[in-house]
$ cat run-v4.pdb   # PDB, C-alpha atoms
ATOM      1  CA  MET A   1      14.192   8.023  -8.451
ATOM      2  CA  ARG A   2      17.163  10.324  -8.163
ATOM      3  CA  ARG A   3      20.224  12.105  -6.872
ATOM      4  CA  ILE A   4      22.548  13.866  -9.257
ATOM      5  CA  ASN A   5      26.178  13.137  -8.300
ATOM      6  CA  ASN A   6      26.471  14.845  -4.892
ATOM      7  CA  ILE A   7      25.162  18.006  -6.531
ATOM      8  CA  LEU A   8      21.550  16.899  -6.815
ATOM      9  CA  SER A   9      21.719  14.984  -3.596
ATOM     10  CA  LEU A  10      19.517  11.995  -3.492
ATOM     11  CA  ALA A  11      16.470  10.520  -5.116
ATOM     12  CA  LEU A  12      14.950  10.897  -8.498
ATOM     13  CA  ILE A  13      12.998  13.422  -6.709
ATOM     14  CA  ALA A  14      14.907  13.538  -3.641
ATOM     15  CA  SER A  15      15.887  15.589  -0.699
ATOM     16  CA  PHE A  16      18.197  18.055  -2.396
ATOM     17  CA  THR A  17      17.726  21.675  -1.374
ATOM     18  CA  LEU A  18      18.141  24.310  -4.033
ATOM     19  CA  PHE A  19      19.067  27.859  -3.132
ATOM     20  CA  SER A  20      18.387  30.457  -5.768
ATOM     21  CA  CYS A  21      17.912  34.190  -6.120
ATOM     22  CA  SER A  22      14.373  35.456  -6.272
ATOM     23  CA  GLU A  23      12.418  38.594  -5.679
ATOM     24  CA  GLU A  24      10.162  36.603  -3.385
ATOM     25  CA  GLN A  25      10.807  36.162   0.319
ATOM     26  CA  PRO A  26      12.155  32.779   1.506
ATOM     27  CA  ILE A  27       9.467  30.173   1.866
ATOM     28  CA  ALA A  28       8.829  29.329   5.504
ATOM     29  CA  ASP A  29       6.029  26.793   5.099
ATOM     30  CA  ASP A  30       5.994  23.927   7.557
ATOM     31  CA  LEU A  31       6.351  20.803   5.409
ATOM     32  CA  SER A  32       6.324  18.357   8.310
ATOM     33  CA  VAL A  33       3.730  15.585   8.257
ATOM     34  CA  PRO A  34       1.683  14.830  11.405
ATOM     35  CA  SER A  35       3.103  11.904  13.343
ATOM     36  CA  GLU A  36      -0.095   9.873  13.041
ATOM     37  CA  VAL A  37       0.051  10.165   9.241
ATOM     38  CA  VAL A  38       3.743   9.205   9.214
ATOM     39  CA  ALA A  39       2.819   6.126  11.260
ATOM     40  CA  LYS A  40       0.197   5.122   8.680
ATOM     41  CA  ILE A  41       2.673   5.577   5.845
ATOM     42  CA  ALA A  42       5.279   3.510   7.702
ATOM     43  CA  ALA A  43       2.705   0.784   8.373
ATOM     44  CA  LEU A  44       2.213   0.451   4.613
ATOM     45  CA  GLY A  45       5.885  -0.422   4.233
ATOM     46  CA  PHE A  46       7.319   2.876   3.039
ATOM     47  CA  ASP A  47      10.677   3.987   4.426
ATOM     48  CA  VAL A  48      10.016   7.010   6.612
ATOM     49  CA  ASP A  49      13.420   7.000   8.292
ATOM     50  CA  ASN A  50      15.794   7.480   5.366
ATOM     51  CA  PHE A  51      13.180   9.371   3.337
ATOM     52  CA  VAL A  52      11.091  11.538   5.631
ATOM     53  CA  PRO A  53       7.620  12.229   4.171
ATOM     54  CA  SER A  54       6.769  15.867   3.546
ATOM     55  CA  LYS A  55       3.654  17.824   2.691
ATOM     56  CA  PHE A  56       3.182  18.033  -1.061
ATOM     57  CA  GLU A  57       0.303  19.507  -3.037
ATOM     58  CA  ASN A  58      -2.869  18.144  -1.378
ATOM     59  CA  GLY A  59      -1.113  15.170   0.158
ATOM     60  CA  TYR A  60       2.357  13.870   0.922
ATOM     61  CA  LEU A  61       5.573  13.153  -0.961
ATOM     62  CA  VAL A  62       6.881   9.730   0.039
ATOM     63  CA  GLU A  63      10.243   8.112  -0.807
ATOM     64  CA  GLY A  64      11.145  10.856  -3.228
ATOM     65  CA  ASP A  65       8.568  10.599  -6.001
ATOM     66  CA  ILE A  66       5.445   8.826  -4.760
ATOM     67  CA  TYR A  67       2.426  11.063  -4.212
ATOM     68  CA  LEU A  68      -0.068   9.896  -1.597
ATOM     69  CA  THR A  69      -3.207  11.520  -0.246
ATOM     70  CA  ASP A  70      -5.200  10.705   2.869
ATOM     71  CA  GLN A  71      -7.668   8.874   0.640
ATOM     72  CA  THR A  72      -5.071   6.690  -1.082
ATOM     73  CA  ILE A  73      -3.443   5.883   2.262
ATOM     74  CA  ALA A  74      -6.819   4.782   3.636
ATOM     75  CA  GLU A  75      -7.455   2.591   0.578
ATOM     76  CA  MET A  76      -4.115   0.795   0.720
ATOM     77  CA  GLY A  77      -3.760  -2.592   2.401
ATOM     78  CA  GLN A  78      -0.950  -3.764   4.640
ATOM     79  CA  PRO A  79       2.361  -4.651   2.955
ATOM     80  CA  ASN A  80       4.504  -7.727   2.732
ATOM     81  CA  LYS A  81       8.266  -7.752   2.319
ATOM     82  CA  LEU A  82       9.225  -9.551  -0.872
ATOM     83  CA  ALA A  83      12.342 -11.298  -2.071
ATOM     84  CA  SER A  84      14.876  -9.429  -4.158
ATOM     85  CA  VAL A  85      13.803  -9.863  -7.745
ATOM     86  CA  GLU A  86      14.453  -7.415 -10.533
ATOM     87  CA  GLN A  87      11.327  -5.876 -12.031
ATOM     88  CA  TYR A  88       8.035  -5.115 -10.296
ATOM     89  CA  SER A  89       4.548  -4.040 -11.207
ATOM     90  CA  THR A  90       1.564  -2.871  -9.209
ATOM     91  CA  ASN A  91      -1.602  -4.944  -8.859
ATOM     92  CA  ASN A  92      -3.512  -2.465 -11.021
ATOM     93  CA  LEU A  93      -2.365  -2.098 -14.620
ATOM     94  CA  VAL A  94      -3.638  -0.070 -17.548
ATOM     95  CA  ASN A  95      -6.374  -1.820 -19.519
ATOM     96  CA  ALA A  96      -4.816  -1.805 -22.965
ATOM     97  CA  GLY A  97      -7.454  -3.907 -24.720
ATOM     98  CA  GLY A  98      -6.350  -4.481 -28.295
ATOM     99  CA  GLY A  99      -4.271  -1.318 -28.154
ATOM    100  CA  ARG A 100      -4.554   1.958 -26.312
ATOM    101  CA  VAL A 101      -3.172   5.420 -26.972
ATOM    102  CA  ILE A 102      -2.487   7.296 -23.741
ATOM    103  CA  THR A 103      -2.565  11.038 -24.285
ATOM    104  CA  ILE A 104      -0.318  13.410 -22.352
ATOM    105  CA  TYR A 105      -0.610  17.172 -22.120
ATOM    106  CA  ALA A 106       2.105  19.528 -20.886
ATOM    107  CA  PRO A 107       1.760  23.329 -20.985
ATOM    108  CA  GLU A 108       4.462  25.210 -22.849
ATOM    109  CA  GLU A 109       6.001  28.507 -21.813
ATOM    110  CA  GLY A 110       3.953  31.449 -22.999
ATOM    111  CA  SER A 111       1.342  29.242 -24.607
ATOM    112  CA  GLY A 112      -1.501  30.142 -22.293
ATOM    113  CA  GLY A 113      -1.986  26.388 -22.009
ATOM    114  CA  GLY A 114      -5.331  24.885 -21.179
ATOM    115  CA  GLY A 115      -6.271  27.173 -18.349
ATOM    116  CA  GLY A 116      -3.966  30.105 -17.657
ATOM    117  CA  LYS A 117      -1.721  30.894 -14.736
ATOM    118  CA  GLY A 118      -2.581  29.087 -11.541
ATOM    119  CA  LYS A 119      -5.003  26.681 -13.214
ATOM    120  CA  LYS A 120      -4.408  23.025 -13.916
ATOM    121  CA  GLY A 121      -2.922  22.661 -17.350
ATOM    122  CA  GLY A 122      -2.127  26.348 -17.683
ATOM    123  CA  GLY A 123       0.812  27.717 -19.663
ATOM    124  CA  GLY A 124       2.553  31.063 -19.297
ATOM    125  CA  SER A 125       4.933  31.146 -16.339
ATOM    126  CA  ASP A 126       3.555  27.765 -15.266
ATOM    127  CA  GLY A 127       4.560  26.204 -18.568
ATOM    128  CA  TYR A 128       7.607  24.218 -19.604
ATOM    129  CA  SER A 129      10.634  25.322 -21.582
ATOM    130  CA  PRO A 130      11.423  23.894 -25.041
ATOM    131  CA  ALA A 131      14.051  21.662 -23.385
ATOM    132  CA  MET A 132      11.451  20.140 -21.056
ATOM    133  CA  ILE A 133       9.005  19.591 -23.917
ATOM    134  CA  ALA A 134      11.793  17.978 -25.940
ATOM    135  CA  GLY A 135      12.477  15.682 -22.981
ATOM    136  CA  LEU A 136       8.799  14.699 -22.832
ATOM    137  CA  ASP A 137       8.755  14.003 -26.568
ATOM    138  CA  GLU A 138      11.864  11.824 -26.209
ATOM    139  CA  ALA A 139      10.303   9.911 -23.310
ATOM    140  CA  ILE A 140       7.202   9.278 -25.417
ATOM    141  CA  ALA A 141       9.350   8.133 -28.349
ATOM    142  CA  ARG A 142      11.157   5.625 -26.127
ATOM    143  CA  TYR A 143       7.915   3.910 -25.175
ATOM    144  CA  ASN A 144       6.480   4.021 -28.682
ATOM    145  CA  SER A 145       9.592   2.463 -30.192
ATOM    146  CA  GLU A 146       8.895  -0.709 -28.184
ATOM    147  CA  ASN A 147       5.702  -1.449 -30.153
ATOM    148  CA  LEU A 148       3.647  -2.147 -27.042
ATOM    149  CA  THR A 149      -0.116  -2.485 -26.736
ATOM    150  CA  ILE A 150       0.002   0.942 -25.110
ATOM    151  CA  SER A 151       1.451   3.973 -26.834
ATOM    152  CA  PHE A 152       1.706   7.634 -25.882
ATOM    153  CA  GLN A 153       0.797  10.809 -27.722
ATOM    154  CA  ARG A 154       1.393  14.413 -26.657
ATOM    155  CA  VAL A 155      -1.675  16.565 -27.172
ATOM    156  CA  THR A 156      -2.153  20.338 -27.201
ATOM    157  CA  SER A 157      -5.030  20.592 -24.736
ATOM    158  CA  SER A 158      -5.478  19.331 -21.205
ATOM    159  CA  SER A 159      -9.166  18.684 -21.901
ATOM    160  CA  GLY A 160      -9.668  14.932 -22.071
ATOM    161  CA  ALA A 161      -5.960  14.110 -21.738
ATOM    162  CA  ASP A 162      -5.252  10.844 -19.920
ATOM    163  CA  ILE A 163      -2.211  12.322 -18.160
ATOM    164  CA  VAL A 164      -1.648  16.004 -17.472
ATOM    165  CA  MET A 165       1.934  17.012 -16.701
ATOM    166  CA  THR A 166       1.821  20.080 -14.485
ATOM    167  CA  ARG A 167       4.671  22.150 -13.180
ATOM    168  CA  LEU A 168       5.605  22.007  -9.520
ATOM    169  CA  ASN A 169       5.158  25.152  -7.501
ATOM    170  CA  LYS A 170       8.258  27.228  -6.778
ATOM    171  CA  ARG A 171       8.443  26.014  -3.187
ATOM    172  CA  ASP A 172       8.846  22.390  -4.282
ATOM    173  CA  GLU A 173      11.219  23.263  -7.111
ATOM    174  CA  ARG A 174      13.418  25.142  -4.649
ATOM    175  CA  ARG A 175      13.532  22.258  -2.194
ATOM    176  CA  GLY A 176      14.764  19.930  -4.909
ATOM    177  CA  VAL A 177      11.687  17.958  -5.925
ATOM    178  CA  LEU A 178      12.149  16.717  -9.485
ATOM    179  CA  GLY A 179       8.878  14.927 -10.153
ATOM    180  CA  SER A 180       6.122  12.734  -8.768
ATOM    181  CA  ALA A 181       3.353  10.425  -9.932
ATOM    182  CA  GLY A 182       0.983   7.724  -8.710
ATOM    183  CA  PHE A 183      -0.182   4.319  -9.905
ATOM    184  CA  PRO A 184      -2.977   3.052 -12.208
ATOM    185  CA  THR A 185      -6.568   3.088 -11.037
ATOM    186  CA  ALA A 186      -8.643   0.030 -10.187
ATOM    187  CA  SER A 187     -10.671   0.696 -13.357
ATOM    188  CA  GLY A 188      -7.600   0.254 -15.552
ATOM    189  CA  ASP A 189      -6.723   3.847 -16.334
ATOM    190  CA  PRO A 190      -3.232   5.339 -15.994
ATOM    191  CA  TYR A 191      -2.592   7.690 -13.099
ATOM    192  CA  GLY A 192      -3.813  11.036 -14.373
ATOM    193  CA  GLU A 193      -1.147  13.528 -13.318
ATOM    194  CA  ILE A 194       2.614  13.903 -13.334
ATOM    195  CA  LYS A 195       4.127  16.747 -11.343
ATOM    196  CA  MET A 196       7.476  17.824 -12.808
ATOM    197  CA  SER A 197      10.043  20.451 -11.945
ATOM    198  CA  GLY A 198      10.534  23.057 -14.635
ATOM    199  CA  VAL A 199      14.199  23.695 -13.787
ATOM    200  CA  LEU A 200      15.840  20.394 -14.699
ATOM    201  CA  GLU A 201      17.842  22.136 -17.425
ATOM    202  CA  SER A 202      18.268  25.645 -16.014
ATOM    203  CA  SER A 203      19.208  24.690 -12.435
ATOM    204  CA  TYR A 204      20.610  21.168 -12.799
ATOM    205  CA  GLY A 205      22.043  21.320 -16.294
ATOM    206  CA  LEU A 206      20.377  18.124 -17.449
ATOM    207  CA  SER A 207      20.444  17.160 -21.105
ATOM    208  CA  THR A 208      17.342  16.327 -23.111
ATOM    209  CA  ASN A 209      18.069  12.641 -22.543
ATOM    210  CA  GLY A 210      18.507  13.143 -18.808
ATOM    211  CA  ILE A 211      15.186  14.979 -18.642
ATOM    212  CA  ALA A 212      13.552  12.269 -20.765
ATOM    213  CA  THR A 213      14.766   9.591 -18.350
ATOM    214  CA  ILE A 214      13.127  11.298 -15.374
ATOM    215  CA  ILE A 215       9.853  11.905 -17.213
ATOM    216  CA  ALA A 216       9.838   8.313 -18.542
ATOM    217  CA  HIS A 217      10.305   7.110 -14.948
ATOM    218  CA  GLU A 218       7.208   8.979 -13.789
ATOM    219  CA  MET A 219       5.295   7.701 -16.827
ATOM    220  CA  GLY A 220       6.375   4.227 -15.735
ATOM    221  CA  HIS A 221       4.715   4.718 -12.356
ATOM    222  CA  CYS A 222       1.532   5.915 -14.092
ATOM    223  CA  VAL A 223       1.238   2.627 -16.006
ATOM    224  CA  GLY A 224       2.124   0.343 -13.110
ATOM    225  CA  PHE A 225       5.877   0.049 -12.614
ATOM    226  CA  ARG A 226       7.459   0.018  -9.171
ATOM    227  CA  HIS A 227      11.123   0.851  -8.600
ATOM    228  CA  THR A 228      13.574  -1.709  -9.950
ATOM    229  CA  ASP A 229      15.417  -1.659  -6.621
ATOM    230  CA  PHE A 230      12.160  -1.685  -4.680
ATOM    231  CA  PHE A 231      13.568  -4.258  -2.261
ATOM    232  CA  ASP A 232      16.657  -2.158  -1.427
ATOM    233  CA  ARG A 233      16.760   1.490  -2.463
ATOM    234  CA  SER A 234      20.362   1.770  -1.309
ATOM    235  CA  ILE A 235      21.362   0.129  -4.612
ATOM    236  CA  SER A 236      20.744   3.390  -6.450
ATOM    237  CA  CYS A 237      20.284   5.871  -3.606
ATOM    238  CA  GLY A 238      23.098   4.869  -1.246
ATOM    239  CA  GLY A 239      22.759   4.811   2.521
ATOM    240  CA  GLY A 240      21.359   1.931   4.529
ATOM    241  CA  THR A 241      19.223  -0.926   3.238
ATOM    242  CA  SER A 242      15.668   0.255   2.615
ATOM    243  CA  ASN A 243      12.806  -1.993   1.457
ATOM    244  CA  GLU A 244       9.778  -0.136   0.118
ATOM    245  CA  GLY A 245       7.357  -2.972   0.841
ATOM    246  CA  THR A 246       4.308  -3.632  -1.292
ATOM    247  CA  ALA A 247       2.755  -0.406   0.033
ATOM    248  CA  GLY A 248      -0.775  -1.630  -0.556
ATOM    249  CA  VAL A 249      -0.459  -1.338  -4.331
ATOM    250  CA  GLY A 250       1.512  -4.516  -4.978
ATOM    251  CA  ALA A 251       5.071  -5.259  -5.988
ATOM    252  CA  ASN A 252       4.755  -8.210  -8.326
ATOM    253  CA  HIS A 253       7.800  -9.793  -9.922
ATOM    254  CA  ILE A 254       7.682  -9.602 -13.713
ATOM    255  CA  PRO A 255       8.601 -12.997 -15.229
ATOM    256  CA  GLY A 256      11.667 -13.081 -17.417
ATOM    257  CA  THR A 257      13.547 -10.416 -15.492
ATOM    258  CA  PRO A 258      16.591 -11.429 -13.427
ATOM    259  CA  THR A 259      16.915 -11.614  -9.685
ATOM    260  CA  GLY A 260      18.767  -8.762  -8.018
ATOM    261  CA  ALA A 261      19.345  -5.258  -9.310
ATOM    262  CA  SER A 262      22.365  -3.044  -9.843
ATOM    263  CA  ALA A 263      23.025   0.609 -10.403
ATOM    264  CA  SER A 264      25.348  -0.313 -13.269
ATOM    265  CA  ALA A 265      22.442  -1.838 -15.222
ATOM    266  CA  LYS A 266      20.897   1.659 -15.304
ATOM    267  CA  SER A 267      17.248   0.634 -15.354
ATOM    268  CA  TRP A 268      14.979   3.596 -16.020
ATOM    269  CA  MET A 269      12.957   2.627 -12.936
ATOM    270  CA  LEU A 270      15.784   2.688 -10.379
ATOM    271  CA  ALA A 271      14.697   4.676  -7.336
ATOM    272  CA  CYS A 272      17.483   7.276  -7.630
ATOM    273  CA  THR A 273      19.267   8.874 -10.552
ATOM    274  CA  ASP A 274      22.520  10.660 -11.216
ATOM    275  CA  GLY A 275      20.845  12.726 -13.915
ATOM    276  CA  SER A 276      22.346  10.745 -16.767
ATOM    277  CA  ASN A 277      20.671   9.135 -19.761
ATOM    278  CA  ARG A 278      18.988   5.819 -18.961
ATOM    279  CA  PRO A 279      17.181   4.423 -22.005
ATOM    280  CA  PHE A 280      15.435   1.076 -21.553
ATOM    281  CA  ASN A 281      17.929  -1.743 -20.981
ATOM    282  CA  ASN A 282      17.182  -5.300 -22.118
ATOM    283  CA  ASP A 283      15.506  -6.243 -18.837
ATOM    284  CA  ASP A 284      13.398  -3.084 -18.941
ATOM    285  CA  LYS A 285      12.270  -4.038 -22.439
ATOM    286  CA  THR A 286      11.388  -7.544 -21.262
ATOM    287  CA  ALA A 287       9.296  -6.086 -18.458
ATOM    288  CA  LEU A 288       7.524  -3.622 -20.754
ATOM    289  CA  ASP A 289       6.791  -6.337 -23.306
ATOM    290  CA  TYR A 290       5.445  -8.692 -20.641
ATOM    291  CA  LEU A 291       3.008  -6.162 -19.187
ATOM    292  CA  TYR A 292       1.992  -4.490 -22.439
TER     293      TYR A 292
END
$ encode --input "run-v4.pdb" --output "structure tokens"
Amino acid sequence: MRRINNILSLALIASFTLFSCSEEQPIADDLSVPSEVVAKIAALGFDVDNFVPSKFENGYLVEGDIYLTDQTIAEMGQPNKLASVEQYSTNNLVNAGGGRVITIYAPEEGSGGGGGKGKKGGGGSDGYSPAMIAGLDEAIARYNSENLTISFQRVTSSSGADIVMTRLNKRDERRGVLGSAGFPTASGDPYGEIKMSGVLESSYGLSTNGIATIIAHEMGHCVGFRHTDFFDRSISCGGGTSNEGTAGVGANHIPGTPTGASASAKSWMLACTDGSNRPFNNDDKTALDYLY
């Protein structure tokens, strides 16, 4: 998802490089992915030409905001190219039953969080600013206002949370990563972690609504949404035509949504963003209501 006007550069999480002052020495880590792994990712249908995979956490960052590991790559099947229809879901969805509350934890600055500096769920310097927390709360409110069979609730401890939102390391923040997430599990649970930049306000100047849009996008992946312009990322990202393929997780058309996609419709699940506010449009609401 994302490129912020020529300043942020390209996808929701894209390939923008941020230069900033720091007491630390420049990061010289080799982020290149072995050619044999790139070949496997390409075989799944991901675009590795316009969006070169890079090392990320314990796996790889693919097409801007999709997090894959060696295990998930091995578990994925071969893709098919699908026709250009508007809204897509993965094969696995969250088991909502008669109603399900999905809890989300995000550490706050100086809070100490759920584990301390350097630990999953920790606060302190790894925590999020009030602006980021406000963006998360707004993203949650957007989903809850749709009266779905799933709802979201922010909790104050990472223990037992369905989704833990953890801050990216400084290396990834500096190279312009905005966020990443995965897709629901085969057992019907949401993907359990969202990685988010902590500098969306301070470095990019995003508003609460702009931050909420990016977080809501990653939440969308966690509950089974693919990119609205899955069949051609150039619609929101520019550049040449780029079809993501089914990528082994499925890209199923959601009935009731129109064929085609456009940047002007401002779906919250477009692959790239300009950093603006994108609340759910009517087609987004149809898709959410159909799935949940």
$ resolve_selection --input "run-v4.pdb" --expression "the PyMOL selection byres ((chain A and resi 181) around 8)" --output "list in words"
Asp65, Ile66, Tyr67, Gly179, Ser180, Gly182, Phe183, Tyr191, Glu193, Ile194, Lys195, Glu218, Met219, His221 and Cys222 of chain A
$ resolve_selection --input "run-v4.pdb" --expression "the PyMOL selection byres ((chain A and resi 268) around 12)" --output "PDB file with C-alpha atoms, keeping the file's coordinate frame"
ATOM      1  CA  MET A   1      14.192   8.023  -8.451  1.00  0.00           C
ATOM      2  CA  ARG A   2      17.163  10.324  -8.163  1.00  0.00           C
ATOM      3  CA  LEU A  12      14.950  10.897  -8.498  1.00  0.00           C
ATOM      4  CA  GLN A  87      11.327  -5.876 -12.031  1.00  0.00           C
ATOM      5  CA  ALA A 139      10.303   9.911 -23.310  1.00  0.00           C
ATOM      6  CA  ARG A 142      11.157   5.625 -26.127  1.00  0.00           C
ATOM      7  CA  TYR A 143       7.915   3.910 -25.175  1.00  0.00           C
ATOM      8  CA  ASN A 209      18.069  12.641 -22.543  1.00  0.00           C
ATOM      9  CA  GLY A 210      18.507  13.143 -18.808  1.00  0.00           C
ATOM     10  CA  ILE A 211      15.186  14.979 -18.642  1.00  0.00           C
ATOM     11  CA  ALA A 212      13.552  12.269 -20.765  1.00  0.00           C
ATOM     12  CA  THR A 213      14.766   9.591 -18.350  1.00  0.00           C
ATOM     13  CA  ILE A 214      13.127  11.298 -15.374  1.00  0.00           C
ATOM     14  CA  ILE A 215       9.853  11.905 -17.213  1.00  0.00           C
ATOM     15  CA  ALA A 216       9.838   8.313 -18.542  1.00  0.00           C
ATOM     16  CA  HIS A 217      10.305   7.110 -14.948  1.00  0.00           C
ATOM     17  CA  GLU A 218       7.208   8.979 -13.789  1.00  0.00           C
ATOM     18  CA  MET A 219       5.295   7.701 -16.827  1.00  0.00           C
ATOM     19  CA  GLY A 220       6.375   4.227 -15.735  1.00  0.00           C
ATOM     20  CA  HIS A 221       4.715   4.718 -12.356  1.00  0.00           C
ATOM     21  CA  PHE A 225       5.877   0.049 -12.614  1.00  0.00           C
ATOM     22  CA  ARG A 226       7.459   0.018  -9.171  1.00  0.00           C
ATOM     23  CA  HIS A 227      11.123   0.851  -8.600  1.00  0.00           C
ATOM     24  CA  THR A 228      13.574  -1.709  -9.950  1.00  0.00           C
ATOM     25  CA  ASP A 229      15.417  -1.659  -6.621  1.00  0.00           C
ATOM     26  CA  SER A 236      20.744   3.390  -6.450  1.00  0.00           C
ATOM     27  CA  ALA A 261      19.345  -5.258  -9.310  1.00  0.00           C
ATOM     28  CA  SER A 262      22.365  -3.044  -9.843  1.00  0.00           C
ATOM     29  CA  ALA A 263      23.025   0.609 -10.403  1.00  0.00           C
ATOM     30  CA  SER A 264      25.348  -0.313 -13.269  1.00  0.00           C
ATOM     31  CA  ALA A 265      22.442  -1.838 -15.222  1.00  0.00           C
ATOM     32  CA  LYS A 266      20.897   1.659 -15.304  1.00  0.00           C
ATOM     33  CA  SER A 267      17.248   0.634 -15.354  1.00  0.00           C
ATOM     34  CA  MET A 269      12.957   2.627 -12.936  1.00  0.00           C
ATOM     35  CA  LEU A 270      15.784   2.688 -10.379  1.00  0.00           C
ATOM     36  CA  ALA A 271      14.697   4.676  -7.336  1.00  0.00           C
ATOM     37  CA  CYS A 272      17.483   7.276  -7.630  1.00  0.00           C
ATOM     38  CA  THR A 273      19.267   8.874 -10.552  1.00  0.00           C
ATOM     39  CA  ASP A 274      22.520  10.660 -11.216  1.00  0.00           C
ATOM     40  CA  GLY A 275      20.845  12.726 -13.915  1.00  0.00           C
ATOM     41  CA  SER A 276      22.346  10.745 -16.767  1.00  0.00           C
ATOM     42  CA  ASN A 277      20.671   9.135 -19.761  1.00  0.00           C
ATOM     43  CA  ARG A 278      18.988   5.819 -18.961  1.00  0.00           C
ATOM     44  CA  PRO A 279      17.181   4.423 -22.005  1.00  0.00           C
ATOM     45  CA  PHE A 280      15.435   1.076 -21.553  1.00  0.00           C
ATOM     46  CA  ASN A 281      17.929  -1.743 -20.981  1.00  0.00           C
ATOM     47  CA  ASN A 282      17.182  -5.300 -22.118  1.00  0.00           C
ATOM     48  CA  ASP A 283      15.506  -6.243 -18.837  1.00  0.00           C
ATOM     49  CA  ASP A 284      13.398  -3.084 -18.941  1.00  0.00           C
ATOM     50  CA  LYS A 285      12.270  -4.038 -22.439  1.00  0.00           C
ATOM     51  CA  ALA A 287       9.296  -6.086 -18.458  1.00  0.00           C
ATOM     52  CA  LEU A 288       7.524  -3.622 -20.754  1.00  0.00           C
TER      53      LEU A 288
END
$ closest_residue --input "run-v4.pdb" --among "A:Ile235, A:Gly110, A:Ala141, A:Thr208" --to "Arg154 in chain A" --atoms "all atoms listed in the file"
A:Ala141
$ atom_distance --input "run-v4.pdb" --atom1 "CA of Ala74 in chain A" --atom2 "CA of Ala43 in chain A"
11.4 Å
$ closest_residue --input "run-v4.pdb" --among "A:Val223, A:Val52, A:Cys237, A:Val249" --to "Ser151 in chain A" --atoms "only C-alpha atoms"
A:Val223
$ atom_distance --input "run-v4.pdb" --atom1 "CA of Met132 in chain A" --atom2 "CA of Glu201 in chain A"
7.6 Å
$ closest_residue --input "run-v4.pdb" --among "A:Ile102, A:Leu93, A:Met165, A:Leu44" --to "Asn243 in chain A" --atoms "all atoms listed in the file"
A:Leu44
$ atom_distance --input "run-v4.pdb" --atom1 "CA of Val38 in chain A" --atom2 "CA of Ser89 in chain A"
24.4 Å
$ closest_residue --input "run-v4.pdb" --among "A:Tyr60, A:Tyr88, A:Tyr128, A:Phe46" --to "His253 in chain A" --atoms "all atoms listed in the file"
A:Tyr88
$ resolve_selection --input "run-v4.pdb" --expression "the PyMOL selection byres ((chain A and resi 47) around 9)" --output "PyMOL selection string"
chain A and resi 41-42+45-46+48-53+62-63+242-245
$ residues_around --input "run-v4.pdb" --residues "Asp162 in chain A" --least-positions-apart "6" --cutoff "7 Å" --atoms "only C-alpha atoms" --output "PyMOL selection string"
chain A and resi 102-104+192
$ closest_residue --input "run-v4.pdb" --among "A:Ile150, A:Leu61, A:Ala131, A:Ile140" --to "Gly99 in chain A" --atoms "only C-alpha atoms"
A:Ile150
$ closest_residue --input "run-v4.pdb" --among "A:Ile73, A:Gly64, A:Ala96, A:Val37" --to "Arg233 in chain A" --atoms "only C-alpha atoms"
A:Gly64
